[in-house]
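This report concerns only the one structure given below.
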Amino acid sequence: MVSADTTATTDPTTGSTGDATTTDSSGSSGPIPIMCGDTMVAPGELCLDSEVVQANGSIVSARLGDVFNDEPDDILYIAGGQLIVRPSMGNGNFAGPVSSLMVPSNNFITTDLDGNELLDLAAHQDNGSVASMRGQGDANFDVHDTLPATDTPQGVVTGDLDGDGDLDVIAAAGLADPSLYVGINNGQGQLTAQPAVTASGVVNGLAVDDFNGDGNLDVAFGVDGVGWQGIAIRPGDGAGGFGTQELTEQVVGVVDIASGDFDGNGFPDLASISVANNSLMLTLRSKDGTIAVETISTDGGPRVLLAADLDADGADELIVGDDVGDSIRIYELDDRLTLVLTEDVSVADAVVDLDTGDVNNDGALDVAATVITNNPASDLVVMLISNP
């Protein structure tokens, strides 16, 4: 694989990189291919098309999800406290903005809380509570329940914590008294709060998976504490509760974590990024414990981390968003289980969030990166559209 060209310059007017075209509020233009060496797409080779979507405002948490229940995923983001939807046109392009409800949040995720196959949202609101927002299939969302939490939201994830087939919610919040807040879903999107789970430091990044192989979902989280910094795990009991905190890898300055199967052995591994060391650390794991730990430099200021199988080869890649080097970097394991950089895509400014979805309905995962520019009126959503 050949990395994307990183020598392109940024147009200060459009915020686009190199020859990439910019989408304004009235519609979008066609994607521009990033060449993968010989331009021939081979199985397992990651080739990407890029598109820059102009948000025309200051945004947070760009997400991908099928808002209109018509197959391709749309772009959602919050601008000025209002949820904005950019409908997918099915070919990697996006229509103009559709305004939805007010959402006082700087962090939300797309999900399906009530199992009706319509897109729902779990929004970690500015007051710390988590809103259950059930979609109607038309860019409207009904806010039904909130999960009490403290202020200073740090993140939200979902997973079937009690084994009943629906998605429950975990939110991290608090600086002075950081904790995890769990909401058990009744199958209709109604959340029942469980006792708060204390964290040993500020939580930077959440991941839900079966890390010990007992069939129950556990929660892993990055800890920025006074006495210890790194990745901690609380094992799930299968009923929505969690056991004693277990400290795993020490990572000074951890800012985000991700879980995935990076070596294809069927067991979840853990990855983290450190802003103190400008590094990416991957811990390969099996049911018997840690197999190997590898740390490499990211050559910038890593801000966000995401795991996804972009090239559909059965092993996840690691996607790193950089808010100093202004880039999106994609790493994967080679045959020697060594992390290698496969793509390095320059963007206009700091990458502060990442998400994946399928925006052109080809069955392959695409990447949405939230890019915060020096001009708060012209933040961007940079799309990397996969063609495996």
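All residue names refer to the structure tokens as shown: chains lettered A, B, ... in order, residues numbered from 1 in each chain, ligands numbered from 1 in order.
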- Message: Report as a ChimeraX atom specification all protein, DNA and RNA residues lying within 10 Å of A:Thr152, evaluated on only C-alpha atoms, omitting residues in the same chain fewer than 6 positions from it.
- Response: /A:106,124-129,172-176,178
Export of prior selection with N, CA, C and O atoms as a PDB file, in the first residue's frame:
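Result file follows (part.pdb):
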ATOM      1  N   ASN A 106     -21.909  18.326  23.382  1.00  0.00           N
ATOM      2  CA  ASN A 106     -20.666  18.330  22.610  1.00  0.00           C
ATOM      3  C   ASN A 106     -20.212  16.913  22.294  1.00  0.00           C
ATOM      4  O   ASN A 106     -19.103  16.704  21.822  1.00  0.00           O
ATOM      5  N   HIS A 124     -24.671  13.002  25.064  1.00  0.00           N
ATOM      6  CA  HIS A 124     -24.143  13.416  26.361  1.00  0.00           C
ATOM      7  C   HIS A 124     -24.227  14.931  26.418  1.00  0.00           C
ATOM      8  O   HIS A 124     -23.428  15.630  25.808  1.00  0.00           O
ATOM      9  N   GLN A 125     -25.220  15.430  27.168  1.00  0.00           N
ATOM     10  CA  GLN A 125     -25.532  16.850  27.144  1.00  0.00           C
ATOM     11  C   GLN A 125     -24.560  17.662  28.005  1.00  0.00           C
ATOM     12  O   GLN A 125     -23.826  17.121  28.836  1.00  0.00           O
ATOM     13  N   ASP A 126     -24.587  18.974  27.787  1.00  0.00           N
ATOM     14  CA  ASP A 126     -23.645  19.854  28.469  1.00  0.00           C
ATOM     15  C   ASP A 126     -23.817  19.831  29.981  1.00  0.00           C
ATOM     16  O   ASP A 126     -22.867  20.103  30.723  1.00  0.00           O
ATOM     17  N   ASN A 127     -25.033  19.501  30.458  1.00  0.00           N
ATOM     18  CA  ASN A 127     -25.250  19.442  31.905  1.00  0.00           C
ATOM     19  C   ASN A 127     -24.830  18.100  32.493  1.00  0.00           C
ATOM     20  O   ASN A 127     -24.992  17.863  33.686  1.00  0.00           O
ATOM     21  N   GLY A 128     -24.288  17.207  31.640  1.00  0.00           N
ATOM     22  CA  GLY A 128     -23.796  15.922  32.111  1.00  0.00           C
ATOM     23  C   GLY A 128     -24.754  14.776  31.901  1.00  0.00           C
ATOM     24  O   GLY A 128     -24.340  13.625  31.869  1.00  0.00           O
ATOM     25  N   SER A 129     -26.060  15.039  31.777  1.00  0.00           N
ATOM     26  CA  SER A 129     -27.020  13.959  31.585  1.00  0.00           C
ATOM     27  C   SER A 129     -26.930  13.413  30.160  1.00  0.00           C
ATOM     28  O   SER A 129     -26.469  14.088  29.243  1.00  0.00           O
ATOM     29  N   ALA A 172     -19.206   8.531  30.585  1.00  0.00           N
ATOM     30  CA  ALA A 172     -18.164   8.957  31.514  1.00  0.00           C
ATOM     31  C   ALA A 172     -18.274  10.458  31.702  1.00  0.00           C
ATOM     32  O   ALA A 172     -18.481  11.200  30.737  1.00  0.00           O
ATOM     33  N   ALA A 173     -18.157  10.893  32.951  1.00  0.00           N
ATOM     34  CA  ALA A 173     -18.285  12.324  33.233  1.00  0.00           C
ATOM     35  C   ALA A 173     -17.556  12.658  34.518  1.00  0.00           C
ATOM     36  O   ALA A 173     -17.301  11.793  35.358  1.00  0.00           O
ATOM     37  N   GLY A 174     -17.241  13.941  34.654  1.00  0.00           N
ATOM     38  CA  GLY A 174     -16.688  14.445  35.905  1.00  0.00           C
ATOM     39  C   GLY A 174     -15.192  14.609  35.889  1.00  0.00           C
ATOM     40  O   GLY A 174     -14.459  13.794  35.335  1.00  0.00           O
ATOM     41  N   LEU A 175     -14.723  15.703  36.487  1.00  0.00           N
ATOM     42  CA  LEU A 175     -13.298  15.953  36.662  1.00  0.00           C
ATOM     43  C   LEU A 175     -12.885  15.773  38.111  1.00  0.00           C
ATOM     44  O   LEU A 175     -11.929  15.068  38.417  1.00  0.00           O
ATOM     45  N   ALA A 176     -13.631  16.405  39.020  1.00  0.00           N
ATOM     46  CA  ALA A 176     -13.304  16.292  40.437  1.00  0.00           C
ATOM     47  C   ALA A 176     -13.626  14.901  40.974  1.00  0.00           C
ATOM     48  O   ALA A 176     -12.907  14.363  41.821  1.00  0.00           O
ATOM     49  N   PRO A 178     -14.519  11.743  38.913  1.00  0.00           N
ATOM     50  CA  PRO A 178     -14.814  11.049  37.657  1.00  0.00           C
ATOM     51  C   PRO A 178     -15.460   9.693  37.892  1.00  0.00           C
ATOM     52  O   PRO A 178     -15.038   8.923  38.757  1.00  0.00           O
TER      53      PRO A 178
END
- What are the DSSP strand (DSSP E) residues of stretch 56-94 of chain A, as a list in words?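 Listing strand (DSSP E) positions across stretch 56-94 of chain A yields Ile59, Val60, Ser61, Ala62, Arg63, Leu64, Gly65, Asp74, Ile75, Leu76, Tyr77, Ile78, Ala79, Gln82, Leu83, Ile84, Val85 and Arg86 of chain A.
Residues lying within 8 Å of A:Asn216, counting only C-alpha atoms and ignoring same-chain neighbours fewer than 3 positions away, are A:Leu161, A:Asp162, A:Gly163, A:Asp210, A:Gly213, A:Pro235, A:Gly236, A:Asp237, A:Gly238.
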- Message: Using Å and a single decimal, report how far atom CA of A:Tyr331 sits from atom CA of A:Asn265.
- Response: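 Straight-line distance from atom CA of A:Asn265 to atom CA of A:Tyr331 works out to 17.8 Å.
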- Counting only C-alpha atoms, closest pick from A:Ala123, A:Met89, A:Val156, A:Val381 relative to A:Ile170 is A:Val156
- Selected residue, from A:Asp49, A:Asp323, A:Asp177, A:Glu317, that lies nearest to A:Thr298 when counting only C-alpha atoms: A:Asp323
- Query: With only C-alpha atoms as the atoms that count, which of A:Ala220, A:Ala369, A:Val130, A:Ile291 lies nearest to A:Leu191?
  - Reply: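 Ranking A:Ala220, A:Ala369, A:Val130, A:Ile291 by distance to A:Leu191, first place goes to A:Val130.
Residue nearest A:Asp311, chosen from A:Gln250, A:Thr146, A:Gln188, A:Ser386 and counting only C-alpha atoms: A:Ser386.
Atom CA of A:Leu306 is positioned 17.3 Å from atom CA of A:Gly325.
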